[in-house]
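Asks: Take a look at the following structure, please.
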Amino acid sequence: MAESTPTPDENHRSDVARREQTDAPSVYGPEQSAAENKGGFLSDLLAPVAGFGVSFTNQFRKRPTEEFPEEKRPTQPRFHGRHQLNRHPDGLEKCVGCELCAWACPADAILVEGADNDDTPVEQGGTGRFSPGERYGRVYQINYLRCIFCGLCIEACPTRALTMTNFYELADHRREDLIFEKHQLLAPLSEGMVSPPHPMVEGMEERDYYQGKVAKATPEQEEFARNRSAAAPTHATSEAIGGADPADVRTKPRDEGGLTEGGTRR
Ligand code: SF4
Ligand code: SF4
C-alpha cells in the first residue's frame, strides 16, 4: 500500500518534536550566564579600563626601530624575492625560451618569446647564439604588478635558468617600471663570463653545459666577443638582446644592492 503524503500540520508537529529531542544546552544558555556573573563587582568595575593596560605596558617596551633603507633587514635564505635569469659559466644564457614558466604562473605575470639561436656570422645577417641549445628567450618580461612571489615559475623551469633572489625593494613610482625586461632580469656577468651572443665552447654539446663541463669562457669566445664589440651592434642584435631601447627610461640600471649570482636561490 502506498504511503500517504503528510499534511503541513503533521510536518510542523514532527519538526517541533525533532527540535525538542535534539535541543542541547546552548552556549547562550544559563551555564554561560552563570560564568559571566562570576567576576563580581570589582571585575565589572575594572573591565572597561583593562584594555588600557595593554597600551600602558607597551609604553615602556623597547621598540625595535628599523632604519630602512639605510639598514636593510636580512631575509631568510630561501626568501622569494626578485627573479633572476641565470647564465652558464661562459656567459651563455640558461633560458631556452620554452615558456614553461609562463604557463605555470597563476598570475599570468610572465611573457616569454623564444627564438632560434643562429650561428651564422653577424656580417651575414645572423643574430647570434645566446644559449647552448637550439632556442633562447628573445623576449622575457615579468610583471611585478601581478607577481605574487609564489615561486611556481622557478619550479617549472627545466634548466634552472629562472631562480629567485633575496632582493625585495621593488616599489616604484610608475607602473611601467614594474614590468622588468630581460636585460634587467639577467644575472650580471661574473668572472670568466663573456656577454653573448657568442659560440659555444668548441667541442662541447648542449648536454656538456648541464653536466658542468664548461668552467669559463675560452680564449676563442673572448676573441669573438672582442671582435663583435668592435663592430657597432646591428638593430637585429639589439632586438635579440631583449628589445632594449636606450632612450626608454624603463631600461635604467637599478641599484640591486650588490646582487650577484651568489645571491641566487638554487
Ligand atoms: S613567482 Fe608566481 S606569480 Fe610570480 S611570476 Fe613566478 S609563478 Fe608567477
Ligand atoms: S626561464 Fe626556464 S621555464 Fe622560463 S622560458 Fe626560460 S627555460 Fe623555459
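Here's how to read the names in the C-alpha cells: chain A, B, ... by the order shown, residue numbers from 1 in each chain, ligand numbers from 1 in the order shown.
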Let me see if you get this right: every residue at most 6 Å from ligand 2, counting only C-alpha atoms and all ligand atoms, written as a list in words.

Replies: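 With only C-alpha atoms and all ligand atoms and a cut-off of 6 Å, ligand 2 is contacted by Cys95, Val96, Gly97, Cys98, Glu99, Leu100, Cys101, Ala156, Cys157, Pro158, Thr159, Ala161 and Leu162 of chain A.
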
Asks: Keeping only N, CA and C atoms, write the selected residues as a PDB file, in the first residue's frame.

Replies:
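Final file, again20.pdb:
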ATOM      1  N   CYS A  95      68.337  30.156 -20.147  1.00  0.00           N
ATOM      2  CA  CYS A  95      66.950  30.126 -20.631  1.00  0.00           C
ATOM      3  C   CYS A  95      66.902  29.624 -22.070  1.00  0.00           C
ATOM      4  N   VAL A  96      66.009  28.669 -22.320  1.00  0.00           N
ATOM      5  CA  VAL A  96      65.863  28.119 -23.663  1.00  0.00           C
ATOM      6  C   VAL A  96      64.540  28.554 -24.314  1.00  0.00           C
ATOM      7  N   GLY A  97      63.882  29.505 -23.687  1.00  0.00           N
ATOM      8  CA  GLY A  97      62.661  30.084 -24.270  1.00  0.00           C
ATOM      9  C   GLY A  97      61.503  29.109 -24.386  1.00  0.00           C
ATOM     10  N   CYS A  98      61.421  28.132 -23.466  1.00  0.00           N
ATOM     11  CA  CYS A  98      60.387  27.085 -23.576  1.00  0.00           C
ATOM     12  C   CYS A  98      59.009  27.560 -23.104  1.00  0.00           C
ATOM     13  N   GLU A  99      58.959  28.643 -22.362  1.00  0.00           N
ATOM     14  CA  GLU A  99      57.706  29.241 -21.861  1.00  0.00           C
ATOM     15  C   GLU A  99      57.033  28.442 -20.748  1.00  0.00           C
ATOM     16  N   LEU A 100      57.683  27.420 -20.222  1.00  0.00           N
ATOM     17  CA  LEU A 100      57.051  26.638 -19.151  1.00  0.00           C
ATOM     18  C   LEU A 100      56.778  27.504 -17.927  1.00  0.00           C
ATOM     19  N   CYS A 101      57.674  28.440 -17.656  1.00  0.00           N
ATOM     20  CA  CYS A 101      57.475  29.331 -16.505  1.00  0.00           C
ATOM     21  C   CYS A 101      56.206  30.159 -16.686  1.00  0.00           C
ATOM     22  N   ALA A 156      58.927  25.243 -12.298  1.00  0.00           N
ATOM     23  CA  ALA A 156      58.613  24.726 -13.637  1.00  0.00           C
ATOM     24  C   ALA A 156      59.806  24.774 -14.584  1.00  0.00           C
ATOM     25  N   CYS A 157      60.768  25.622 -14.305  1.00  0.00           N
ATOM     26  CA  CYS A 157      61.882  25.836 -15.242  1.00  0.00           C
ATOM     27  C   CYS A 157      62.765  24.584 -15.332  1.00  0.00           C
ATOM     28  N   PRO A 158      62.905  24.002 -16.522  1.00  0.00           N
ATOM     29  CA  PRO A 158      63.667  22.747 -16.644  1.00  0.00           C
ATOM     30  C   PRO A 158      65.180  22.938 -16.641  1.00  0.00           C
ATOM     31  N   THR A 159      65.651  24.155 -16.827  1.00  0.00           N
ATOM     32  CA  THR A 159      67.099  24.364 -16.946  1.00  0.00           C
ATOM     33  C   THR A 159      67.689  25.139 -15.766  1.00  0.00           C
ATOM     34  N   ALA A 161      67.196  28.046 -15.215  1.00  0.00           N
ATOM     35  CA  ALA A 161      67.532  29.377 -15.732  1.00  0.00           C
ATOM     36  C   ALA A 161      66.917  30.446 -14.847  1.00  0.00           C
ATOM     37  N   LEU A 162      65.727  30.142 -14.330  1.00  0.00           N
ATOM     38  CA  LEU A 162      64.995  31.139 -13.539  1.00  0.00           C
ATOM     39  C   LEU A 162      65.059  30.765 -12.065  1.00  0.00           C
TER      40      LEU A 162
END

Asks: If you count only C-alpha atoms, which residues fall within 10 Å of Arg228 in chain A, apart from same-chain ones fewer than 4 positions away, as a PyMOL selection string?

Replies: chain A and resi 121-123+196-198+222-224+232-233

Asks: What would the file look like if the residues just selected were written as a CSV table (one decimal), in the first residue's frame with C-alpha atoms?

Replies:
chain,number,residue,atom,x,y,z
A,121,PRO,CA,78.1,35.3,-38.7
A,122,VAL,CA,76.6,38.7,-37.9
A,123,GLU,CA,78.1,40.2,-41.1
A,196,PRO,CA,76.5,36.7,-25.6
A,197,PRO,CA,75.9,36.4,-28.5
A,198,HIS,CA,79.0,34.1,-28.9
A,222,GLU,CA,86.7,36.1,-25.7
A,223,GLU,CA,88.2,37.0,-29.0
A,224,PHE,CA,84.8,36.5,-30.7
A,232,ALA,CA,78.6,48.6,-33.9
A,233,PRO,CA,75.7,46.3,-32.8

Asks: So that I can check the surroundings of Thr218 in chain A, please list as a PyMOL selection string every protein, DNA and RNA residue that reaches within 10 Å of it, counting only C-alpha atoms and ignoring chain neighbours fewer than 6 positions away.

Replies: chain A and resi 90+192-194+200-202+224

Asks: Output N, CA and C atoms of each residue in that selection to a file, as a PDB file, in the first residue's frame.

Replies:
ATOM      1  N   ASP A  90      80.286  30.307 -19.067  1.00  0.00           N
ATOM      2  CA  ASP A  90      80.951  31.076 -20.133  1.00  0.00           C
ATOM      3  C   ASP A  90      80.123  32.297 -20.535  1.00  0.00           C
ATOM      4  N   GLY A 192      85.142  35.385 -15.774  1.00  0.00           N
ATOM      5  CA  GLY A 192      85.262  34.249 -16.696  1.00  0.00           C
ATOM      6  C   GLY A 192      84.115  34.157 -17.685  1.00  0.00           C
ATOM      7  N   MET A 193      83.128  35.060 -17.559  1.00  0.00           N
ATOM      8  CA  MET A 193      81.991  35.042 -18.491  1.00  0.00           C
ATOM      9  C   MET A 193      82.180  36.085 -19.582  1.00  0.00           C
ATOM     10  N   VAL A 194      81.597  35.793 -20.722  1.00  0.00           N
ATOM     11  CA  VAL A 194      81.620  36.740 -21.835  1.00  0.00           C
ATOM     12  C   VAL A 194      80.172  36.965 -22.263  1.00  0.00           C
ATOM     13  N   MET A 200      79.330  28.466 -28.705  1.00  0.00           N
ATOM     14  CA  MET A 200      79.548  27.572 -27.563  1.00  0.00           C
ATOM     15  C   MET A 200      81.035  27.232 -27.479  1.00  0.00           C
ATOM     16  N   VAL A 201      81.424  26.691 -26.347  1.00  0.00           N
ATOM     17  CA  VAL A 201      82.820  26.238 -26.212  1.00  0.00           C
ATOM     18  C   VAL A 201      83.057  25.150 -27.257  1.00  0.00           C
ATOM     19  N   GLU A 202      84.168  25.267 -27.964  1.00  0.00           N
ATOM     20  CA  GLU A 202      84.439  24.336 -29.061  1.00  0.00           C
ATOM     21  C   GLU A 202      84.505  22.894 -28.552  1.00  0.00           C
ATOM     22  N   PHE A 224      86.042  36.305 -29.973  1.00  0.00           N
ATOM     23  CA  PHE A 224      84.817  36.510 -30.741  1.00  0.00           C
ATOM     24  C   PHE A 224      84.057  37.724 -30.194  1.00  0.00           C
TER      25      PHE A 224
END

Asks: Residues of range 62-189 of chain A in helix (DSSP H, G or I) according to DSSP, as a PyMOL selection string?

Replies: chain A and resi 100-104+122-124+152-156+175-178+182-185

Asks: Can you tell me which residues sit at most 9 Å away from ligand 1, counting only C-alpha atoms and all ligand atoms, written as JSON, numbers by chain?

Replies: {"A": [80, 81, 82, 83, 101, 102, 103, 104, 105, 106, 107, 108, 109, 110, 142, 143, 144, 146, 147, 148, 149, 150, 151, 152, 153, 154, 155, 156, 164]}

Asks: Those residues you just picked out, can you put them in a file as a PDB file, in the first residue's frame with N, CA and C atoms?

Replies:
ATOM      1  N   HIS A  80      61.550  34.505  -1.117  1.00  0.00           N
ATOM      2  CA  HIS A  80      61.127  34.655  -2.515  1.00  0.00           C
ATOM      3  C   HIS A  80      61.199  36.124  -2.897  1.00  0.00           C
ATOM      4  N   GLY A  81      62.294  36.509  -3.497  1.00  0.00           N
ATOM      5  CA  GLY A  81      62.445  37.897  -3.924  1.00  0.00           C
ATOM      6  C   GLY A  81      62.432  38.001  -5.432  1.00  0.00           C
ATOM      7  N   ARG A  82      63.043  39.060  -5.911  1.00  0.00           N
ATOM      8  CA  ARG A  82      63.072  39.320  -7.350  1.00  0.00           C
ATOM      9  C   ARG A  82      63.677  38.151  -8.111  1.00  0.00           C
ATOM     10  N   HIS A  83      63.206  37.911  -9.337  1.00  0.00           N
ATOM     11  CA  HIS A  83      63.712  36.796 -10.139  1.00  0.00           C
ATOM     12  C   HIS A  83      65.060  37.132 -10.771  1.00  0.00           C
ATOM     13  N   CYS A 101      57.674  28.440 -17.656  1.00  0.00           N
ATOM     14  CA  CYS A 101      57.475  29.331 -16.505  1.00  0.00           C
ATOM     15  C   CYS A 101      56.206  30.159 -16.686  1.00  0.00           C
ATOM     16  N   ALA A 102      55.995  30.632 -17.924  1.00  0.00           N
ATOM     17  CA  ALA A 102      54.819  31.458 -18.202  1.00  0.00           C
ATOM     18  C   ALA A 102      53.534  30.642 -18.047  1.00  0.00           C
ATOM     19  N   TRP A 103      53.579  29.378 -18.476  1.00  0.00           N
ATOM     20  CA  TRP A 103      52.392  28.522 -18.353  1.00  0.00           C
ATOM     21  C   TRP A 103      52.123  28.188 -16.899  1.00  0.00           C
ATOM     22  N   ALA A 104      53.178  28.067 -16.095  1.00  0.00           N
ATOM     23  CA  ALA A 104      52.996  27.688 -14.689  1.00  0.00           C
ATOM     24  C   ALA A 104      52.507  28.856 -13.837  1.00  0.00           C
ATOM     25  N   CYS A 105      52.696  30.055 -14.307  1.00  0.00           N
ATOM     26  CA  CYS A 105      52.391  31.228 -13.477  1.00  0.00           C
ATOM     27  C   CYS A 105      50.880  31.405 -13.286  1.00  0.00           C
ATOM     28  N   PRO A 106      50.415  31.380 -12.052  1.00  0.00           N
ATOM     29  CA  PRO A 106      48.967  31.523 -11.820  1.00  0.00           C
ATOM     30  C   PRO A 106      48.477  32.956 -11.989  1.00  0.00           C
ATOM     31  N   ALA A 107      49.406  33.905 -11.993  1.00  0.00           N
ATOM     32  CA  ALA A 107      49.014  35.314 -12.076  1.00  0.00           C
ATOM     33  C   ALA A 107      49.218  35.876 -13.483  1.00  0.00           C
ATOM     34  N   ASP A 108      49.617  35.036 -14.398  1.00  0.00           N
ATOM     35  CA  ASP A 108      49.875  35.466 -15.782  1.00  0.00           C
ATOM     36  C   ASP A 108      50.834  36.663 -15.806  1.00  0.00           C
ATOM     37  N   ALA A 109      51.909  36.539 -15.039  1.00  0.00           N
ATOM     38  CA  ALA A 109      52.833  37.670 -14.891  1.00  0.00           C
ATOM     39  C   ALA A 109      54.043  37.581 -15.819  1.00  0.00           C
ATOM     40  N   ILE A 110      54.212  36.453 -16.499  1.00  0.00           N
ATOM     41  CA  ILE A 110      55.431  36.259 -17.303  1.00  0.00           C
ATOM     42  C   ILE A 110      55.087  36.237 -18.785  1.00  0.00           C
ATOM     43  N   ILE A 142      58.754  40.074 -16.729  1.00  0.00           N
ATOM     44  CA  ILE A 142      57.960  39.714 -15.545  1.00  0.00           C
ATOM     45  C   ILE A 142      57.262  40.972 -15.055  1.00  0.00           C
ATOM     46  N   ASN A 143      55.969  40.860 -14.908  1.00  0.00           N
ATOM     47  CA  ASN A 143      55.160  41.985 -14.448  1.00  0.00           C
ATOM     48  C   ASN A 143      55.021  41.899 -12.924  1.00  0.00           C
ATOM     49  N   TYR A 144      55.750  42.756 -12.227  1.00  0.00           N
ATOM     50  CA  TYR A 144      55.724  42.704 -10.757  1.00  0.00           C
ATOM     51  C   TYR A 144      54.481  43.363 -10.159  1.00  0.00           C
ATOM     52  N   ARG A 146      51.727  42.054 -11.010  1.00  0.00           N
ATOM     53  CA  ARG A 146      50.896  40.855 -10.941  1.00  0.00           C
ATOM     54  C   ARG A 146      51.518  39.758 -10.090  1.00  0.00           C
ATOM     55  N   CYS A 147      52.844  39.691 -10.088  1.00  0.00           N
ATOM     56  CA  CYS A 147      53.541  38.574  -9.436  1.00  0.00           C
ATOM     57  C   CYS A 147      53.190  38.494  -7.950  1.00  0.00           C
ATOM     58  N   ILE A 148      52.927  37.282  -7.492  1.00  0.00           N
ATOM     59  CA  ILE A 148      52.621  37.072  -6.071  1.00  0.00           C
ATOM     60  C   ILE A 148      53.758  36.319  -5.380  1.00  0.00           C
ATOM     61  N   PHE A 149      54.878  36.169  -6.071  1.00  0.00           N
ATOM     62  CA  PHE A 149      56.095  35.566  -5.500  1.00  0.00           C
ATOM     63  C   PHE A 149      55.853  34.152  -4.956  1.00  0.00           C
ATOM     64  N   CYS A 150      55.044  33.404  -5.688  1.00  0.00           N
ATOM     65  CA  CYS A 150      54.729  32.043  -5.240  1.00  0.00           C
ATOM     66  C   CYS A 150      55.847  31.074  -5.559  1.00  0.00           C
ATOM     67  N   GLY A 151      56.652  31.370  -6.580  1.00  0.00           N
ATOM     68  CA  GLY A 151      57.785  30.500  -6.919  1.00  0.00           C
ATOM     69  C   GLY A 151      57.427  29.344  -7.832  1.00  0.00           C
ATOM     70  N   LEU A 152      56.202  29.287  -8.336  1.00  0.00           N
ATOM     71  CA  LEU A 152      55.838  28.171  -9.218  1.00  0.00           C
ATOM     72  C   LEU A 152      56.629  28.209 -10.526  1.00  0.00           C
ATOM     73  N   CYS A 153      56.958  29.410 -10.969  1.00  0.00           N
ATOM     74  CA  CYS A 153      57.706  29.536 -12.225  1.00  0.00           C
ATOM     75  C   CYS A 153      59.089  28.906 -12.107  1.00  0.00           C
ATOM     76  N   ILE A 154      59.740  29.104 -10.962  1.00  0.00           N
ATOM     77  CA  ILE A 154      61.095  28.553 -10.838  1.00  0.00           C
ATOM     78  C   ILE A 154      61.055  27.036 -10.667  1.00  0.00           C
ATOM     79  N   GLU A 155      59.951  26.538 -10.129  1.00  0.00           N
ATOM     80  CA  GLU A 155      59.813  25.079 -10.035  1.00  0.00           C
ATOM     81  C   GLU A 155      59.604  24.488 -11.429  1.00  0.00           C
ATOM     82  N   ALA A 156      58.927  25.243 -12.298  1.00  0.00           N
ATOM     83  CA  ALA A 156      58.613  24.726 -13.637  1.00  0.00           C
ATOM     84  C   ALA A 156      59.806  24.774 -14.584  1.00  0.00           C
ATOM     85  N   MET A 164      64.980  32.721  -7.851  1.00  0.00           N
ATOM     86  CA  MET A 164      64.569  33.941  -7.136  1.00  0.00           C
ATOM     87  C   MET A 164      65.698  34.389  -6.218  1.00  0.00           C
TER      88      MET A 164
END

Asks: Neighbours of Leu92 in chain A within 6 Å (only C-alpha atoms; same-chain residues fewer than 5 positions away dropped), as a list in words?

Replies: Arg87, Phe130, Ser131 and Pro196 of chain A

Asks: Could you give me the residues within range 85-254 of chain A that DSSP places in strand (DSSP E or B), as a PDB file with C-alpha atoms, in the first residue's frame?

Replies:
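So the final result, stored in part.pdb, reads:
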ATOM      1  CA  LEU A  85      67.795  34.707 -15.294  1.00  0.00           C
ATOM      2  CA  ARG A  87      73.934  32.134 -17.109  1.00  0.00           C
ATOM      3  CA  GLU A  93      72.092  32.132 -21.047  1.00  0.00           C
ATOM      4  CA  ILE A 110      55.431  36.259 -17.303  1.00  0.00           C
ATOM      5  CA  LEU A 111      55.791  36.868 -21.007  1.00  0.00           C
ATOM      6  CA  VAL A 112      58.336  34.797 -22.966  1.00  0.00           C
ATOM      7  CA  GLU A 113      59.025  34.789 -26.663  1.00  0.00           C
ATOM      8  CA  GLY A 114      61.564  32.232 -27.794  1.00  0.00           C
ATOM      9  CA  ALA A 115      63.738  32.413 -30.904  1.00  0.00           C
ATOM     10  CA  ASP A 116      66.265  30.184 -32.661  1.00  0.00           C
ATOM     11  CA  ASP A 118      71.769  31.434 -35.091  1.00  0.00           C
ATOM     12  CA  GLY A 128      73.996  35.097 -32.960  1.00  0.00           C
ATOM     13  CA  ARG A 135      66.439  28.147 -28.761  1.00  0.00           C
ATOM     14  CA  TYR A 136      66.786  31.037 -26.352  1.00  0.00           C
ATOM     15  CA  GLY A 137      64.429  33.532 -24.708  1.00  0.00           C
ATOM     16  CA  ARG A 138      64.393  36.500 -27.074  1.00  0.00           C
ATOM     17  CA  VAL A 139      61.832  38.437 -25.036  1.00  0.00           C
ATOM     18  CA  TYR A 140      61.424  37.878 -21.322  1.00  0.00           C
ATOM     19  CA  GLN A 141      59.256  40.048 -19.091  1.00  0.00           C
ATOM     20  CA  ILE A 142      57.960  39.714 -15.545  1.00  0.00           C
ATOM     21  CA  ASN A 143      55.160  41.985 -14.448  1.00  0.00           C
ATOM     22  CA  LEU A 162      64.995  31.139 -13.539  1.00  0.00           C
ATOM     23  CA  THR A 163      65.577  31.461  -9.815  1.00  0.00           C
ATOM     24  CA  MET A 164      64.569  33.941  -7.136  1.00  0.00           C
ATOM     25  CA  ILE A 179      57.462  45.380 -15.744  1.00  0.00           C
ATOM     26  CA  PHE A 180      61.003  44.044 -15.792  1.00  0.00           C
ATOM     27  CA  LEU A 186      69.682  38.667 -16.465  1.00  0.00           C
TER      28      LEU A 186
END
